[in-house]
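Undergrad: Hey, dropping entry.txt in here, compact mmCIF, C-alpha atoms:
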# COMPACT_ATOMS: atom_id res chain seq x y z
CA MET A 1 108.58 171.84 -175.19
CA LYS A 2 112.11 171.70 -173.75
CA THR A 3 112.91 170.27 -170.34
CA ALA A 4 114.09 173.62 -168.98
CA GLU A 5 110.84 175.27 -170.07
CA ALA A 6 108.82 172.45 -168.48
CA ARG A 7 110.67 172.84 -165.15
CA LYS A 8 110.14 176.59 -165.20
CA LEU A 9 106.44 176.18 -166.00
CA LEU A 10 105.91 173.77 -163.08
CA GLY A 11 108.33 175.61 -160.80
CA VAL A 12 110.51 172.60 -159.95
CA GLY A 13 114.28 172.19 -159.89
CA GLN A 14 116.54 169.77 -161.72
CA ASP A 15 116.68 167.39 -158.76
CA ALA A 16 112.88 167.24 -158.32
CA THR A 17 111.47 163.75 -157.65
CA SER A 18 108.47 162.33 -159.48
CA GLN A 19 106.35 162.99 -156.37
CA ALA A 20 107.46 166.64 -156.32
CA ILE A 21 106.65 167.01 -160.02
CA LYS A 22 103.20 165.52 -159.58
CA ARG A 23 102.58 167.63 -156.49
CA ALA A 24 103.51 170.79 -158.39
CA PHE A 25 101.26 169.79 -161.27
CA ARG A 26 98.29 169.13 -158.97
CA HIS A 27 98.67 172.54 -157.37
CA LEU A 28 98.77 174.37 -160.69
CA ALA A 29 96.06 172.19 -162.24
CA MET A 30 93.66 173.31 -159.51
CA LEU A 31 94.26 176.90 -160.61
CA TRP A 32 94.11 176.40 -164.38
CA HIS A 33 91.66 173.57 -164.99
CA PRO A 34 88.98 174.87 -167.45
CA ASP A 35 86.21 173.68 -165.14
CA ARG A 36 87.52 175.91 -162.35
CA ASN A 37 89.03 178.82 -164.28
CA PRO A 38 86.76 180.68 -166.74
CA ALA A 39 89.63 182.60 -168.36
CA PRO A 40 89.89 182.02 -172.14
CA GLU A 41 93.53 180.95 -171.79
CA ALA A 42 92.80 178.37 -169.06
CA HIS A 43 92.41 175.41 -171.43
CA GLU A 44 95.69 176.12 -173.21
CA MET A 45 97.56 176.68 -169.93
CA PHE A 46 96.18 173.46 -168.44
CA ALA A 47 97.27 171.52 -171.52
CA ARG A 48 100.77 173.03 -171.32
CA LEU A 49 101.01 172.05 -167.66
CA SER A 50 99.94 168.51 -168.54
CA ALA A 51 102.51 168.29 -171.33
CA ALA A 52 105.23 169.62 -169.02
CA CYS A 53 104.33 167.06 -166.37
CA ASP A 54 104.46 164.26 -168.96
CA LEU A 55 107.87 165.40 -170.20
CA LEU A 56 109.44 165.59 -166.74
CA LEU A 57 107.98 162.25 -165.65
CA GLU A 58 109.30 160.32 -168.66
CA PRO A 59 112.77 159.62 -167.15
CA PHE A 60 111.16 158.06 -164.08
CA GLY A 61 109.60 155.25 -166.15
CA GLN A 62 107.47 152.81 -164.14
CA GLU A 63 107.82 154.94 -161.03
CA THR A 64 105.10 157.18 -162.37
CA ALA A 65 102.60 154.36 -162.65
CA SER A 66 100.88 155.19 -159.36
CA ASP A 67 97.23 155.30 -158.52
CA ASP A 68 97.32 159.07 -158.38
CA LYS A 69 94.38 160.23 -160.43
CA SER A 70 95.78 163.67 -161.09
CA SER A 71 99.01 162.36 -162.65
CA SER A 72 96.95 159.80 -164.56
CA THR A 73 94.88 162.65 -165.99
CA ALA A 74 98.07 164.43 -167.00
CA GLY A 75 99.37 161.34 -168.75
CA LYS A 76 96.25 161.14 -170.86
CA ALA A 77 96.25 164.81 -171.86
CA GLU A 78 97.86 164.11 -175.26
CA SER A 79 95.31 161.40 -176.18
CA ARG A 80 92.13 162.97 -174.84
CA GLY A 81 90.98 166.52 -174.28
CA ALA A 82 89.67 167.81 -170.98
CA ASP A 83 86.00 167.36 -170.06
CA ARG A 84 83.74 170.40 -170.01
CA ASN A 85 81.22 170.91 -167.19
CA GLN A 86 78.21 173.13 -167.74
CA ASP A 87 74.79 173.72 -166.15
CA ILE A 88 71.63 173.54 -168.22
CA GLU A 89 68.31 174.94 -166.99
CA LEU A 90 65.01 173.19 -167.71
CA ASP A 91 61.43 173.77 -166.64
CA ILE A 92 59.32 171.11 -164.94
CA GLU A 93 57.53 170.25 -168.20
CA GLN A 94 60.88 169.41 -169.82
CA LEU A 95 61.87 167.26 -166.84
CA CYS A 96 58.67 165.28 -167.31
CA LEU A 97 58.38 165.11 -171.08
CA GLY A 98 61.96 165.54 -172.28
CA GLY A 99 62.61 167.26 -175.61
CA LYS A 100 65.32 169.18 -177.41
CA ILE A 101 66.96 172.41 -176.24
CA ASP A 102 69.88 174.52 -177.43
CA THR A 103 72.88 175.31 -175.26
CA VAL A 104 75.79 177.61 -176.08
CA LEU A 105 79.36 176.30 -175.75
CA GLU A 106 82.12 178.86 -175.33
CA SER A 107 85.76 178.14 -176.12
CA GLY A 108 88.93 180.19 -176.28
CA VAL A 109 90.55 180.30 -179.75
CA ASP A 110 93.48 182.19 -181.23
CA CYS A 111 92.52 185.66 -182.37
CA LEU A 112 92.26 185.67 -186.15
CA GLU A 113 93.20 189.34 -186.37
CA CYS A 114 96.62 188.93 -184.73
CA ALA A 115 97.13 185.16 -185.16
CA GLY A 116 97.21 184.75 -181.39
CA GLN A 117 100.12 187.13 -180.81
CA GLY A 118 98.10 189.82 -179.05
CA TYR A 119 99.62 192.64 -181.12
CA GLN A 120 99.77 193.96 -184.67
CA GLU A 121 102.71 195.36 -186.62
CA HIS A 122 102.45 198.84 -188.17
CA GLU A 123 104.63 200.23 -190.95
CA ARG A 124 105.67 203.20 -188.83
CA SER A 125 106.63 203.37 -185.19
CA GLN A 126 104.15 204.91 -182.80
CA LEU A 127 104.21 206.05 -179.21
CA CYS A 128 104.26 202.98 -176.95
CA VAL A 129 100.89 202.75 -175.23
CA HIS A 130 102.33 200.73 -172.35
CA CYS A 131 104.86 203.27 -171.11
CA GLN A 132 103.44 206.39 -172.83
CA GLY A 133 106.81 207.05 -174.50
CA SER A 134 108.92 206.96 -171.32
CA GLY A 135 110.45 203.53 -171.96
CA ARG A 136 109.82 202.62 -168.30
CA VAL A 137 106.87 201.05 -166.47
CA ARG A 138 106.25 200.98 -162.75
CA HIS A 139 106.07 197.70 -160.82
CA GLY A 140 105.39 198.37 -157.18
CA LYS A 141 107.72 201.19 -156.07
CA SER A 142 110.37 200.73 -158.76
CA LEU A 143 110.64 201.45 -162.48
CA HIS A 144 111.53 198.76 -165.00
CA ARG A 145 112.30 198.73 -168.70
CA CYS A 146 109.19 198.48 -170.82
CA GLU A 147 109.20 195.08 -172.50
CA ASN A 148 106.73 196.16 -175.17
CA CYS A 149 109.14 198.69 -176.73
CA ASP A 150 112.44 197.44 -175.26
CA GLY A 151 112.78 200.73 -173.41
CA ARG A 152 112.75 202.89 -176.57
CA GLY A 153 109.45 204.61 -175.83
CA TYR A 154 108.05 203.89 -179.28
CA SER A 155 107.15 200.73 -181.13
CA ARG A 156 105.67 199.40 -184.32
CA ARG A 157 103.59 197.03 -182.28
CA ILE A 158 100.15 198.00 -181.03
CA ARG A 159 97.80 196.01 -178.89
CA CYS A 160 95.33 194.07 -181.02
CA PRO A 161 91.96 195.83 -180.79
CA GLN A 162 90.03 192.63 -181.50
CA CYS A 163 91.34 190.64 -178.52
CA ASP A 164 92.62 193.56 -176.39
CA GLY A 165 96.11 192.11 -176.46
CA ARG A 166 95.16 188.72 -175.03
CA GLY A 167 95.75 186.82 -178.26
CA ARG A 168 92.57 184.82 -177.59
CA GLN A 169 88.92 185.30 -178.41
CA ILE A 170 85.74 183.58 -177.30
CA SER A 171 84.19 181.26 -179.88
CA ARG A 172 80.54 180.35 -179.38
CA ARG A 173 78.83 177.25 -180.76
CA VAL A 174 75.17 176.27 -180.41
CA LEU A 175 74.60 172.61 -179.56
CA THR A 176 71.17 170.96 -179.71
CA VAL A 177 70.75 168.56 -176.79
CA THR A 178 68.13 165.80 -176.51
CA ILE A 179 66.69 165.64 -172.98
CA PRO A 180 65.21 162.24 -171.99
CA PRO A 181 62.05 162.20 -169.83
CA GLY A 182 62.47 161.74 -166.09
CA MET A 183 65.47 163.98 -165.39
CA LEU A 184 65.83 165.64 -161.98
CA PRO A 185 67.94 168.58 -160.71
CA ASP A 186 71.62 167.64 -160.27
CA ASP A 187 71.27 164.71 -162.69
CA GLU A 188 73.98 164.70 -165.34
CA LEU A 189 73.89 164.19 -169.10
CA ARG A 190 77.22 163.14 -170.60
CA LEU A 191 77.79 163.87 -174.28
CA LYS A 192 80.88 162.14 -175.64
CA GLY A 193 83.28 164.15 -177.75
CA GLU A 194 81.69 167.55 -177.01
CA GLY A 195 84.35 168.66 -174.51
CA TYR A 196 87.70 170.36 -175.12
CA ALA A 197 89.91 169.26 -178.00
CA PRO A 198 93.35 167.71 -177.29
CA VAL A 199 96.00 170.40 -177.28
CA SER A 200 98.25 168.31 -179.53
CA GLY A 201 95.51 167.95 -182.12
CA LYS A 202 95.77 164.15 -181.83
CA GLY A 203 93.32 161.89 -180.04
CA ARG A 204 89.70 162.52 -179.21
CA PRO A 205 88.04 165.48 -177.48
CA GLY A 206 86.82 165.27 -173.91
CA ASP A 207 83.18 164.89 -172.95
CA LEU A 208 80.53 167.50 -172.16
CA ARG A 209 78.88 167.00 -168.79
CA LEU A 210 75.59 168.84 -168.47
CA ARG A 211 74.25 169.19 -164.93
CA ILE A 212 70.47 169.65 -164.81
CA GLN A 213 68.98 172.67 -163.05
CA CYS A 214 65.28 173.55 -162.82
CA HIS A 215 63.44 176.85 -163.31
CA SER A 216 60.83 177.91 -160.80
CA HIS A 217 57.25 177.46 -162.07
CA PRO A 218 54.14 179.62 -161.49
CA LEU A 219 51.97 176.56 -160.76
CA TYR A 220 54.10 173.51 -159.95
CA THR A 221 56.64 172.93 -157.18
CA LEU A 222 59.17 170.11 -157.44
CA GLU A 223 59.68 168.01 -154.29
CA GLY A 224 62.11 165.23 -155.20
CA SER A 225 60.27 163.17 -157.83
CA ASP A 226 56.91 164.54 -156.69
CA ILE A 227 55.15 167.56 -158.16
CA SER A 228 52.84 169.60 -155.95
CA LEU A 229 50.32 172.30 -156.79
CA ASP A 230 47.47 174.24 -155.15
CA ARG A 231 44.05 173.56 -156.68
CA PRO A 232 41.20 175.94 -155.70
CA VAL A 233 38.01 173.96 -154.99
CA SER A 234 34.48 175.05 -154.17
CA VAL A 235 33.75 174.62 -150.49
CA PHE A 236 30.58 172.74 -151.44
CA ILE A 237 32.61 170.03 -153.25
CA LEU A 238 34.82 169.67 -150.19
CA LEU A 239 31.72 169.30 -148.01
CA GLY A 240 29.65 167.07 -150.25
CA GLY A 241 32.24 165.38 -152.47
CA GLY A 242 32.55 165.40 -156.24
CA ASN A 243 34.94 165.11 -159.17
CA ILE A 244 37.39 167.75 -160.38
CA SER A 245 40.08 168.03 -163.09
CA VAL A 246 43.70 168.60 -162.07
CA PRO A 247 46.43 169.82 -164.46
CA SER A 248 49.89 168.27 -164.63
CA PRO A 249 52.84 168.47 -167.06
CA ASN A 250 51.59 165.14 -168.47
CA GLY A 251 48.01 166.37 -169.05
CA LEU A 252 44.73 166.52 -167.14
CA HIS A 253 43.78 164.05 -164.40
CA ASP A 254 40.40 163.33 -162.80
CA LEU A 255 40.32 163.46 -159.01
CA ASP A 256 37.46 162.17 -156.85
CA ILE A 257 36.85 164.24 -153.71
CA GLU A 258 35.37 162.41 -150.73
CA PRO A 259 32.82 164.29 -148.55
CA GLY A 260 34.52 165.93 -145.61
CA SER A 261 35.33 169.21 -143.93
CA ALA A 262 35.66 172.58 -145.61
CA SER A 263 39.30 172.96 -144.57
CA MET A 264 42.29 172.60 -146.88
CA ARG A 265 43.39 169.01 -147.46
CA GLU A 266 45.81 167.09 -149.69
CA GLN A 267 45.31 164.21 -152.10
CA ASP A 268 47.88 162.34 -154.19
CA ILE A 269 47.73 160.99 -157.73
CA PRO A 270 50.33 158.18 -157.88
CA GLY A 271 52.59 158.09 -160.94
CA ALA A 272 51.59 161.56 -162.16
CA GLY A 273 54.81 163.29 -161.04
CA ILE A 274 58.25 162.98 -162.65
CA PRO A 275 58.32 159.78 -164.78
CA ALA A 276 60.37 156.77 -163.75
CA ARG A 277 63.99 156.71 -164.95
CA GLY A 278 66.35 153.79 -164.45
CA LYS A 279 65.84 152.40 -160.94
CA ARG A 280 64.07 155.56 -159.81
CA ALA A 281 60.30 155.16 -159.44
CA ALA A 282 57.79 157.64 -160.82
CA GLY A 283 56.73 160.44 -158.50
CA LYS A 284 53.30 161.53 -157.32
CA LEU A 285 51.20 164.56 -158.15
CA ARG A 286 50.42 166.10 -154.76
CA VAL A 287 47.26 168.21 -154.93
CA ARG A 288 46.51 170.69 -152.13
CA LEU A 289 42.79 171.38 -152.20
CA VAL A 290 42.24 175.02 -151.24
CA PRO A 291 38.62 175.86 -150.25
CA VAL A 292 36.94 178.71 -152.13
CA PHE A 293 33.83 180.35 -150.63
CA PRO A 294 31.23 182.31 -152.62
CA ALA A 295 32.18 185.99 -152.73
CA SER A 296 28.76 187.75 -153.09
CA PRO A 297 25.83 185.40 -152.51
CA THR A 298 22.68 186.01 -154.53
CA PRO A 299 19.23 186.07 -152.90
CA ALA A 300 18.73 182.49 -154.05
CA LEU A 301 21.97 181.39 -152.40
CA LEU A 302 21.10 183.26 -149.21
CA LYS A 303 17.84 181.35 -149.02
CA LEU A 304 19.70 178.07 -149.38
CA TYR A 305 22.28 179.11 -146.75
CA ARG A 306 19.55 179.89 -144.23
CA ALA A 307 17.78 176.62 -144.92
CA LEU A 308 21.10 174.77 -144.45
CA GLN A 309 21.78 176.66 -141.24
CA ALA A 310 18.36 175.75 -139.86
CA GLU A 311 18.93 172.09 -140.75
CA THR A 312 22.34 171.94 -139.05
CA GLU A 313 20.96 173.70 -135.92
CA GLN A 314 18.32 170.98 -135.61
CA MET A 315 21.02 168.31 -135.87
CA GLY A 316 23.01 170.01 -133.11
CA THR A 317 26.11 168.21 -131.87
CA GLU A 318 26.06 165.74 -134.74
CA ALA A 319 26.52 168.47 -137.38
CA LEU A 320 28.52 171.13 -135.52
CA PRO A 321 30.25 169.52 -132.51
CA GLU A 322 32.97 172.15 -132.11
CA LEU A 323 30.48 175.04 -132.25
CA VAL A 324 28.14 173.38 -129.74
CA ALA A 325 30.99 172.65 -127.33
CA TRP A 326 32.25 176.25 -127.50
CA GLU A 327 28.86 177.81 -126.90
CA ARG A 328 28.14 175.54 -123.94
CA ARG A 329 31.40 176.57 -122.31
CA TRP A 330 31.49 180.27 -123.03
CA LEU A 331 27.84 181.30 -123.36
CA PRO A 332 26.20 180.79 -119.93
CA GLY A 333 22.53 180.07 -120.18
CA SER A 334 22.79 179.09 -123.82
CA LYS A 335 19.91 176.90 -125.05
CA VAL A 336 22.31 174.81 -127.12
Represent the structure contained in this file as structure tokens.

TA:
Amino acid sequence: MKTAEARKLLGVGQDATSQAIKRAFRHLAMLWHPDRNPAPEAHEMFARLSAACDLLLEPFGQETASDDKSSSTAGKAESRGADRNQDIELDIEQLCLGGKIDTVLESGVDCLECAGQGYQEHERSQLCVHCQGSGRVRHGKSLHRCENCDGRGYSRRIRCPQCDGRGRQISRRVLTVTIPPGMLPDDELRLKGEGYAPVSGKGRPGDLRLRIQCHSHPLYTLEGSDISLDRPVSVFILLGGGNISVPSPNGLHDLDIEPGSASMREQDIPGAGIPARGKRAAGKLRVRLVPVFPASPTPALLKLYRALQAETEQMGTEALPELVAWERRWLPGSKV
């Protein structure tokens, strides 16, 4: 790359200072960085901007050795490719147990059909598709000479049908990623060397940064490191106590229910949520016990209900304090 081309690319003059060059690079890098710009040509344009910045900063020598991270990134562009950022979606079971999943990496490459030129040469001239044979194209309110045919109205060049004249195509590669147990949403996996290649072809590629996202689940809800679920339970177990099985991504757990009321309540199983990772402790399995009443009682059940009702009526306030208090207040003359 020549100096004049580098100045034109960054939009700076001959008397530009190192600070002006770096400022121009930062502005353009925000527009063309592959992590921000999904266009296929973004990686190549970002690399060209980095190379132009390097070239223009060379005469300034040690003056460029500032703590500016953006210029530092530009200076390393020839030795290391840009990092690639990508989201990866997991379900709660994969967060707990880990495993292997496939992710697709997309990159812009030169079109093989036109060798990156964006057009193909034909043996015979054809009507220019850009100006429809007029030799002129409209920009705003004025007409300008068609650059595709040099104003002749016909050309041997036609837009490449494979890349639609862009000169670039999308290349897709499947990468198998190992997920360790204990990941959480917004955690990041960094895979060295799986980012963008250096534009010069020398040095090592950048890294691939995978940010974890989580699918919704029909049973489990993720709350930090805790996993919660609703577990239907017979009202009789809630009243009299008992033992039930509770599912989790790690398998089944036994849960002892203490005798109590028939209303919904919550119990925790420590360590049965997302596994510990690094300094992060393991989460809990939070079980909401949802009471389930018999739908259509049989004659045998009805007999038991009536016997239970008679027993609780004899116990009075001790068994049904809220009911007794309500009837005494709102039912004048009640025998209760």

Undergrad: Restricting the calculation to only C-alpha atoms, which member of A:Lys2, A:Arg156, A:Lys141, A:His27 is positioned closest to A:Glu121?

TA: A:Arg156

Undergrad: Which polymer residues, protein or nucleic acid, are no farther than 9 Å from (74.9, 166.6, -177.9), counting all atoms listed in the file, as a list in words?

TA: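 All residues meeting the 9 Å criterion around (74.9, 166.6, -177.9) are Leu175, Thr176, Val177, Thr178, Arg190, Leu191, Lys192, Gly193, Glu194 and Leu208 of chain A.
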
Undergrad: Enter the distance from atom CA of A:Asp15 to atom CA of A:Glu58, in Å, rounded to one decimal.

TA: 14.2 Å

Undergrad: Record the distance separating atom CA of A:His217 and atom CA of A:Ala276, expressed in Å with one decimal.

TA: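 Answer for the atom CA of A:His217 to atom CA of A:Ala276 separation: 21.0 Å.
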
Undergrad: Take atom CA of A:Gly151 and atom CA of A:His139 and report the distance between them in Å, one decimal.

TA: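 According to the coordinates, atom CA of A:Gly151 and atom CA of A:His139 are separated by 14.6 Å.
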
Undergrad: What's the 12 Å shell around A:Val137, counting all atoms listed in the file, without same-chain residues fewer than 4 positions away, as a PyMOL selection string?

TA: chain A and resi 128-133+141-153

Undergrad: With distances taken over all atoms listed in the file, which of A:Gly81, A:Pro247, A:Pro198, A:Gly118 is nearest to A:Leu229?

TA: A:Pro247

Undergrad: For A:Glu113, work out the shell of residues within 7 Å, counting all atoms listed in the file and skipping chain neighbours fewer than 2 positions away, then give it as a count of residues only.

TA: 3

Undergrad: Quick one: of A:Pro249, A:Gly167, A:Ala307, A:His33, who's nearest to A:Leu222, counting only C-alpha atoms?

TA: A:Pro249

Undergrad: Do a neighbour search on stretch 277-290 of chain A at 6 Å with only C-alpha atoms, toss out local chain neighbours closer than 3 positions, and write the hits as a count of residues only.

TA: 21

Undergrad: Could you pull the residues within 10 Å of stretch 103-105 of chain A, counting only C-alpha atoms, minus those fewer than 4 positions along the same chain, as a PDB file with C-alpha atoms, in the frame of the given file?

TA:
ATOM      1  CA  ARG A  84      83.740 170.400-170.010  1.00  0.00           C
ATOM      2  CA  GLN A  86      78.210 173.130-167.740  1.00  0.00           C
ATOM      3  CA  ASP A  87      74.790 173.720-166.150  1.00  0.00           C
ATOM      4  CA  ILE A  88      71.630 173.540-168.220  1.00  0.00           C
ATOM      5  CA  GLU A  89      68.310 174.940-166.990  1.00  0.00           C
ATOM      6  CA  ILE A 170      85.740 183.580-177.300  1.00  0.00           C
ATOM      7  CA  SER A 171      84.190 181.260-179.880  1.00  0.00           C
ATOM      8  CA  ARG A 172      80.540 180.350-179.380  1.00  0.00           C
ATOM      9  CA  ARG A 173      78.830 177.250-180.760  1.00  0.00           C
ATOM     10  CA  VAL A 174      75.170 176.270-180.410  1.00  0.00           C
ATOM     11  CA  LEU A 175      74.600 172.610-179.560  1.00  0.00           C
ATOM     12  CA  THR A 176      71.170 170.960-179.710  1.00  0.00           C
ATOM     13  CA  VAL A 177      70.750 168.560-176.790  1.00  0.00           C
ATOM     14  CA  GLU A 194      81.690 167.550-177.010  1.00  0.00           C
ATOM     15  CA  GLY A 195      84.350 168.660-174.510  1.00  0.00           C
ATOM     16  CA  LEU A 208      80.530 167.500-172.160  1.00  0.00           C
ATOM     17  CA  LEU A 210      75.590 168.840-168.470  1.00  0.00           C
TER      18      LEU A 210
END

Undergrad: Which residues are near A:Pro259? Cut-off 12 Å, all atoms listed in the file, ignore same chain within fewer than 3 positions. Put them as a PyMOL selection string.

TA: chain A and resi 235-243+256+262-263+265

Undergrad: Quick one: of A:Ala39, A:Leu56, A:Ser125, A:Glu188, who's nearest to A:Ala20, counting all atoms listed in the file?

TA: A:Leu56

Undergrad: Using only C-alpha atoms, which of the listed residues (A:Arg211, A:Arg166, A:Lys303, A:Arg157) sits closest to A:Met183?

TA: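 So, comparing all the options, the nearest one is A:Arg211.
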
Undergrad: Using all atoms listed in the file, which of A:Ser134, A:Gln94, A:Gln126, A:Ser50 sits nearest A:Arg80?

TA: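 Smallest distance to A:Arg80 is found for A:Ser50.
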